[in-house]
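Participant: Can you keep this structure in mind? I'll have questions shortly.
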Amino acid sequence: MSLRLGDKAPDFDALTSEGKINFYNYLGDSWGILFSHPADYTPVCTTELGAVAKYKDEFEKRNTKVLALSVDGVESHKGWIEDINETQNTTVNFPLIADEDKKVANLYDMIHPNADNTLTVRSVYVIGPDKTIKLMISYPASTGRNFEELLRVIDSLQLTAYRKVATPANWKHGEDVVISPSVSNDEAKEMFPKGFKEVRPYLRMTPQPDGDQGKESSKSSNKNASGSDNEASKIFPKGYRE
Ligand code: BEZ
């Protein structure tokens with residue numbers, strides 16, 4: 001059965017370029033990205049893995065662990081990683097699953113037979129600290145992913161997990177956000193001290209809430225329905241990203 005947003009992300013044990021891992025143990029309390037590649041020693045994948053390695057600090061800032069997958073074996077992965085490091089001028093700093101039996105690929109529906117019968121497509125799963133699937137995207141083999149977009153989406157997922165806001169089209173971290181329809185104007189006045197603009201009763205814009213807002217007290221909290229102080233401390237262990 002295919003996976004959907006909000007589903008529990010299936011756990012698994014796997015052999016990787018960095019030894020055996022258990023997925024849930026690897027993630028711990030962090031957010032996670034699981035992303036697949038069609039095959040080792042392929043040009044687009046080489047640039048993608050190099051790009052992700054260069055974003056190490058950005059993923060760390062967002063308390064997000066990265067795990068890649070390709071259906072080739074560990075020895076192949078190790079040789080390919082040397083190539084990636086050399087050609088992309090970086091050091092691959094996350095494990096690459098050697099999914100030769102396609103166990104994980106099948107678990108996460110990463111093979112789309114009408115695109116290719118055997119190779120995985122470029123799937124991306126973002127998984128929250130509660131181990132549920134927050135985002136899934138599929139790209140064809142011929143199109144390399146935009147990892148800036150992935151960072152942007154993680155910013156939105158993390159902000160909206162904790163605040164009663166949503167992010168508008170093309171939003172980037174630091175820009176104005178939309179107040180959730182479930183919040184009344186009276187509540188919004190308390191929750192969003194920077195103020196808000198009512199463009200329409202259903203479209204209210206407010207500056208992105210500050211990091212320490214909502215953590216101060218539950219009475220002035222603008223936490224999302226799914227947010228709690230415990231959850232927030234998992235999402236933002238070093239404080240909310242300013
Ligand atoms: C690539 O990563 O370059 C690639 C892989 C499979 C098919 C086409 C391109």
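In the structure tokens, chains take the letters A, B, ... in the order shown, each chain's residues start at 1, and ligands count up from 1 in the order shown.
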Give me the residues near Glu82 of chain A as a ChimeraX atom specification, where near means some atom within 9 Å (using only C-alpha atoms) and where sequence neighbours in that chain fewer than 4 positions away do not count.
Facilitator: /A:77-78,86-87,91-92
Participant: Run DSSP on the backbone of this structure and report the residues of segment 26-203 of chain A it assigns to strand (DSSP E), as a compact mmCIF listing (two decimals) with N, CA, C and O atoms, in the first residue's frame.
Facilitator:
```txt
# COMPACT_ATOMS: atom_id res chain seq x y z
N TRP A 31 14.31 15.67 12.91
CA TRP A 31 13.60 15.56 11.65
C TRP A 31 14.49 14.74 10.71
O TRP A 31 15.71 14.63 10.96
N GLY A 32 13.90 14.18 9.66
CA GLY A 32 14.70 13.37 8.75
C GLY A 32 14.30 13.58 7.30
O GLY A 32 13.15 13.92 7.00
N ILE A 33 15.29 13.36 6.43
CA ILE A 33 15.01 13.33 4.99
C ILE A 33 15.53 12.00 4.46
O ILE A 33 16.70 11.67 4.66
N LEU A 34 14.65 11.25 3.83
CA LEU A 34 15.05 10.01 3.16
C LEU A 34 14.87 10.27 1.67
O LEU A 34 13.76 10.62 1.23
N PHE A 35 15.95 10.13 0.91
CA PHE A 35 15.80 10.42 -0.53
C PHE A 35 16.53 9.37 -1.36
O PHE A 35 17.60 8.90 -1.00
N SER A 36 15.89 9.02 -2.48
CA SER A 36 16.42 7.91 -3.29
C SER A 36 17.04 8.42 -4.59
O SER A 36 16.71 9.50 -5.09
N HIS A 37 17.94 7.58 -5.10
CA HIS A 37 18.66 7.85 -6.36
C HIS A 37 18.51 6.67 -7.28
O HIS A 37 18.53 5.53 -6.82
N THR A 64 17.93 18.34 11.30
CA THR A 64 17.44 17.38 10.30
C THR A 64 18.56 16.43 9.87
O THR A 64 19.64 16.88 9.49
N LYS A 65 18.28 15.14 9.97
CA LYS A 65 19.27 14.13 9.55
C LYS A 65 18.93 13.65 8.15
O LYS A 65 17.76 13.47 7.79
N VAL A 66 19.97 13.41 7.38
CA VAL A 66 19.82 13.05 5.98
C VAL A 66 20.21 11.60 5.76
O VAL A 66 21.19 11.13 6.34
N LEU A 67 19.44 10.90 4.95
CA LEU A 67 19.74 9.50 4.61
C LEU A 67 19.40 9.29 3.14
O LEU A 67 18.26 9.52 2.73
N ALA A 68 20.40 8.85 2.37
CA ALA A 68 20.18 8.63 0.94
C ALA A 68 20.05 7.14 0.66
O ALA A 68 20.42 6.30 1.49
N LEU A 69 19.52 6.81 -0.51
CA LEU A 69 19.32 5.40 -0.89
C LEU A 69 19.61 5.23 -2.37
O LEU A 69 19.22 6.06 -3.19
N SER A 70 20.31 4.12 -2.65
CA SER A 70 20.44 3.70 -4.05
C SER A 70 20.46 2.18 -4.04
O SER A 70 20.89 1.57 -3.05
N LEU A 96 24.56 6.27 2.91
CA LEU A 96 23.88 5.94 1.66
C LEU A 96 23.45 4.47 1.77
O LEU A 96 24.31 3.58 1.88
N ILE A 97 22.17 4.23 1.80
CA ILE A 97 21.65 2.86 1.95
C ILE A 97 21.99 2.04 0.70
O ILE A 97 21.79 2.51 -0.42
N ALA A 98 22.48 0.83 0.94
CA ALA A 98 22.76 -0.11 -0.16
C ALA A 98 21.55 -1.05 -0.24
O ALA A 98 21.51 -2.10 0.40
N ARG A 122 13.50 9.61 -8.12
CA ARG A 122 14.06 10.53 -7.11
C ARG A 122 12.97 10.88 -6.11
O ARG A 122 12.29 11.90 -6.25
N SER A 123 12.79 10.02 -5.13
CA SER A 123 11.77 10.28 -4.09
C SER A 123 12.39 11.08 -2.96
O SER A 123 13.58 10.91 -2.65
N VAL A 124 11.58 11.91 -2.33
CA VAL A 124 12.00 12.62 -1.11
C VAL A 124 10.90 12.45 -0.08
O VAL A 124 9.73 12.72 -0.36
N TYR A 125 11.27 12.00 1.10
CA TYR A 125 10.34 11.94 2.24
C TYR A 125 10.92 12.81 3.35
O TYR A 125 12.08 12.64 3.72
N VAL A 126 10.12 13.73 3.86
CA VAL A 126 10.51 14.45 5.08
C VAL A 126 9.69 13.88 6.22
O VAL A 126 8.46 13.75 6.13
N ILE A 127 10.39 13.50 7.28
CA ILE A 127 9.77 12.82 8.41
C ILE A 127 9.95 13.66 9.67
O ILE A 127 11.06 14.17 9.93
N ILE A 133 5.05 11.07 8.25
CA ILE A 133 5.49 11.65 6.97
C ILE A 133 4.88 13.04 6.82
O ILE A 133 3.66 13.21 6.85
N LYS A 134 5.75 14.05 6.70
CA LYS A 134 5.29 15.44 6.60
C LYS A 134 5.26 15.92 5.16
O LYS A 134 4.57 16.88 4.83
N LEU A 135 6.07 15.30 4.32
CA LEU A 135 6.14 15.75 2.93
C LEU A 135 6.66 14.61 2.07
O LEU A 135 7.52 13.85 2.50
N MET A 136 6.12 14.47 0.86
CA MET A 136 6.69 13.51 -0.08
C MET A 136 6.64 14.13 -1.48
O MET A 136 5.67 14.78 -1.85
N ILE A 137 7.75 13.98 -2.21
CA ILE A 137 7.83 14.50 -3.57
C ILE A 137 8.54 13.44 -4.42
O ILE A 137 9.44 12.75 -3.93
N SER A 138 8.14 13.32 -5.68
CA SER A 138 8.84 12.42 -6.61
C SER A 138 9.27 13.18 -7.84
O SER A 138 8.46 13.90 -8.43
N TYR A 139 10.53 13.01 -8.20
CA TYR A 139 11.07 13.61 -9.43
C TYR A 139 11.50 12.46 -10.35
O TYR A 139 11.93 11.42 -9.87
N VAL A 165 0.11 29.20 12.03
CA VAL A 165 0.27 29.94 10.78
C VAL A 165 0.47 28.95 9.64
O VAL A 165 0.73 27.76 9.87
N ALA A 166 0.35 29.47 8.42
CA ALA A 166 0.69 28.69 7.23
C ALA A 166 1.57 29.61 6.37
O ALA A 166 1.60 30.83 6.60
N VAL A 177 3.74 35.60 6.97
CA VAL A 177 3.02 34.32 6.91
C VAL A 177 1.52 34.59 7.03
O VAL A 177 1.09 35.71 7.31
N VAL A 178 0.76 33.55 6.80
CA VAL A 178 -0.70 33.62 6.83
C VAL A 178 -1.18 33.09 8.19
O VAL A 178 -0.68 32.06 8.66
N ILE A 179 -2.15 33.77 8.79
CA ILE A 179 -2.71 33.28 10.06
C ILE A 179 -3.72 32.17 9.78
O ILE A 179 -4.55 32.29 8.87
N LYS A 197 -2.47 42.08 9.04
CA LYS A 197 -3.24 42.84 8.06
C LYS A 197 -4.35 41.93 7.52
O LYS A 197 -4.06 40.82 7.04
N GLU A 198 -5.58 42.42 7.65
CA GLU A 198 -6.71 41.62 7.16
C GLU A 198 -7.00 42.02 5.71
O GLU A 198 -7.68 43.00 5.45
N VAL A 199 -6.47 41.27 4.77
CA VAL A 199 -6.69 41.54 3.35
C VAL A 199 -8.12 41.15 2.98
O VAL A 199 -8.81 41.84 2.25
N ARG A 200 -8.53 40.01 3.49
CA ARG A 200 -9.90 39.50 3.45
C ARG A 200 -10.10 38.79 4.80
O ARG A 200 -9.11 38.40 5.42
N LEU A 203 -8.01 35.90 4.75
CA LEU A 203 -6.60 36.09 4.35
C LEU A 203 -5.98 37.17 5.22
O LEU A 203 -6.14 38.36 4.95
```
Participant: Go through chain A residue by residue and, counting only C-alpha atoms and all ligand atoms, keep those with an atom at most 9 Å from ligand 1; for each kept residue give the shortest atom pair and its distance in Å to one decimal, ordered by chain and increasing number, as JSON lines.
Facilitator:
```
{"residue": "A:His37", "atom": "CA", "partner": "ligand 1", "partner_atom_place_in_ligand_line": "2 (O)", "distance": 7.0}
{"residue": "A:Pro38", "atom": "CA", "partner": "ligand 1", "partner_atom_place_in_ligand_line": "6 (C)", "distance": 5.1}
{"residue": "A:Ala39", "atom": "CA", "partner": "ligand 1", "partner_atom_place_in_ligand_line": "5 (C)", "distance": 6.0}
{"residue": "A:Asp40", "atom": "CA", "partner": "ligand 1", "partner_atom_place_in_ligand_line": "2 (O)", "distance": 7.8}
{"residue": "A:Tyr41", "atom": "CA", "partner": "ligand 1", "partner_atom_place_in_ligand_line": "2 (O)", "distance": 7.6}
{"residue": "A:Thr42", "atom": "CA", "partner": "ligand 1", "partner_atom_place_in_ligand_line": "2 (O)", "distance": 4.2}
{"residue": "A:Pro43", "atom": "CA", "partner": "ligand 1", "partner_atom_place_in_ligand_line": "3 (O)", "distance": 3.7}
{"residue": "A:Val44", "atom": "CA", "partner": "ligand 1", "partner_atom_place_in_ligand_line": "3 (O)", "distance": 3.4}
{"residue": "A:Cys45", "atom": "CA", "partner": "ligand 1", "partner_atom_place_in_ligand_line": "2 (O)", "distance": 3.9}
{"residue": "A:Thr46", "atom": "CA", "partner": "ligand 1", "partner_atom_place_in_ligand_line": "2 (O)", "distance": 6.6}
{"residue": "A:Thr47", "atom": "CA", "partner": "ligand 1", "partner_atom_place_in_ligand_line": "2 (O)", "distance": 8.1}
{"residue": "A:Glu48", "atom": "CA", "partner": "ligand 1", "partner_atom_place_in_ligand_line": "2 (O)", "distance": 8.3}
{"residue": "A:Leu119", "atom": "CA", "partner": "ligand 1", "partner_atom_place_in_ligand_line": "6 (C)", "distance": 7.8}
{"residue": "A:Thr120", "atom": "CA", "partner": "ligand 1", "partner_atom_place_in_ligand_line": "6 (C)", "distance": 8.8}
{"residue": "A:Val121", "atom": "CA", "partner": "ligand 1", "partner_atom_place_in_ligand_line": "6 (C)", "distance": 8.3}
{"residue": "A:Pro140", "atom": "CA", "partner": "ligand 1", "partner_atom_place_in_ligand_line": "7 (C)", "distance": 8.3}
{"residue": "A:Ala141", "atom": "CA", "partner": "ligand 1", "partner_atom_place_in_ligand_line": "7 (C)", "distance": 4.7}
{"residue": "A:Ser142", "atom": "CA", "partner": "ligand 1", "partner_atom_place_in_ligand_line": "8 (C)", "distance": 4.9}
{"residue": "A:Thr143", "atom": "CA", "partner": "ligand 1", "partner_atom_place_in_ligand_line": "9 (C)", "distance": 7.8}
{"residue": "A:Gly144", "atom": "CA", "partner": "ligand 1", "partner_atom_place_in_ligand_line": "2 (O)", "distance": 7.6}
```
Participant: Which residues, written as a list in words, have at least one atom at most 10 Å from Lys8 of chain A, with only C-alpha atoms counted and residues fewer than 2 positions away on the same chain left out?
Facilitator: Leu3, Arg4, Leu5, Gly6, Pro10, Asp11, Ile127, Gly128, Asp130, Lys131, Thr132, Ile133 and Lys134 of chain A
Participant: Find the residue from A:Pro113, A:Pro129, A:Pro95, A:Pro181 that sits nearest to Thr16 of chain A; use only C-alpha atoms when measuring.
Facilitator: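 Comparing A:Pro113, A:Pro129, A:Pro95, A:Pro181 against Thr16 of chain A, the winner is A:Pro95.
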Participant: Given only C-alpha atoms as the basis, pick out the residue of A:Glu149, A:Glu190, A:Glu175, A:Asp83 nearest to Pro207 of chain A.
Facilitator: A:Glu175
Participant: Provide the atom CA of Asn85 of chain A to atom CA of Asn106 of chain A distance in Å, to one decimal place.
Facilitator: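 About the pair atom CA of Asn85 of chain A and atom CA of Asn106 of chain A: they are 28.7 Å apart.
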Participant: Sort by chain and increasing residue number a table of all residues of segment 108-196 of chain A within 10 Å of segment 53-61 of chain A, each with its closest pair of atoms and their distance in Å to one decimal, counting only C-alpha atoms, and write it as a tab-separated table.
Facilitator:
```
residue	atom	partner	partner_atom	distance
A:Phe147	CA	A:Tyr55	CA	8.4
A:Glu148	CA	A:Tyr55	CA	9.0
A:Leu150	CA	A:Phe59	CA	10.0
A:Leu151	CA	A:Phe59	CA	7.6
A:Ile154	CA	A:Phe59	CA	9.2
```
Participant: Could you tell me how far atom CA of Asn22 of chain A sits from atom CA of Glu75 of chain A, in Å to one decimal place?
Facilitator: 19.7 Å
Participant: When you draw a straight line from atom CA of Ser76 of chain A to atom CA of Ala105 of chain A, how long is it in Å?
Facilitator: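 About the pair atom CA of Ser76 of chain A and atom CA of Ala105 of chain A: they are 17.6 Å apart.
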Participant: Extract the full set of alpha helix (DSSP H) residues from segment 91-212 of chain A according to DSSP on the backbone, and format it as a list in words.
Facilitator: Lys103, Val104, Ala105, Asn106, Leu107, Phe147, Glu148, Glu149, Leu150, Leu151, Arg152, Val153, Ile154, Asp155, Ser156, Leu157, Gln158, Leu159, Thr160, Ala161, Tyr162, Asn185, Asp186, Glu187, Ala188, Lys189, Glu190 and Met191 of chain A
Participant: Quick one: of A:Gly50, A:Gly73, A:Gly28, A:Pro209, who's nearest to Gly174 of chain A, counting only C-alpha atoms?
Facilitator: A:Pro209
Participant: For each of A:Met110, A:Ala188, A:Leu49, A:Ile21, take the minimum atom-to-atom distance to Arg204 of chain A, counting only C-alpha atoms, then give the residue where this is smallest.
Facilitator: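 Closest to Arg204 of chain A of all the choices is A:Ala188.
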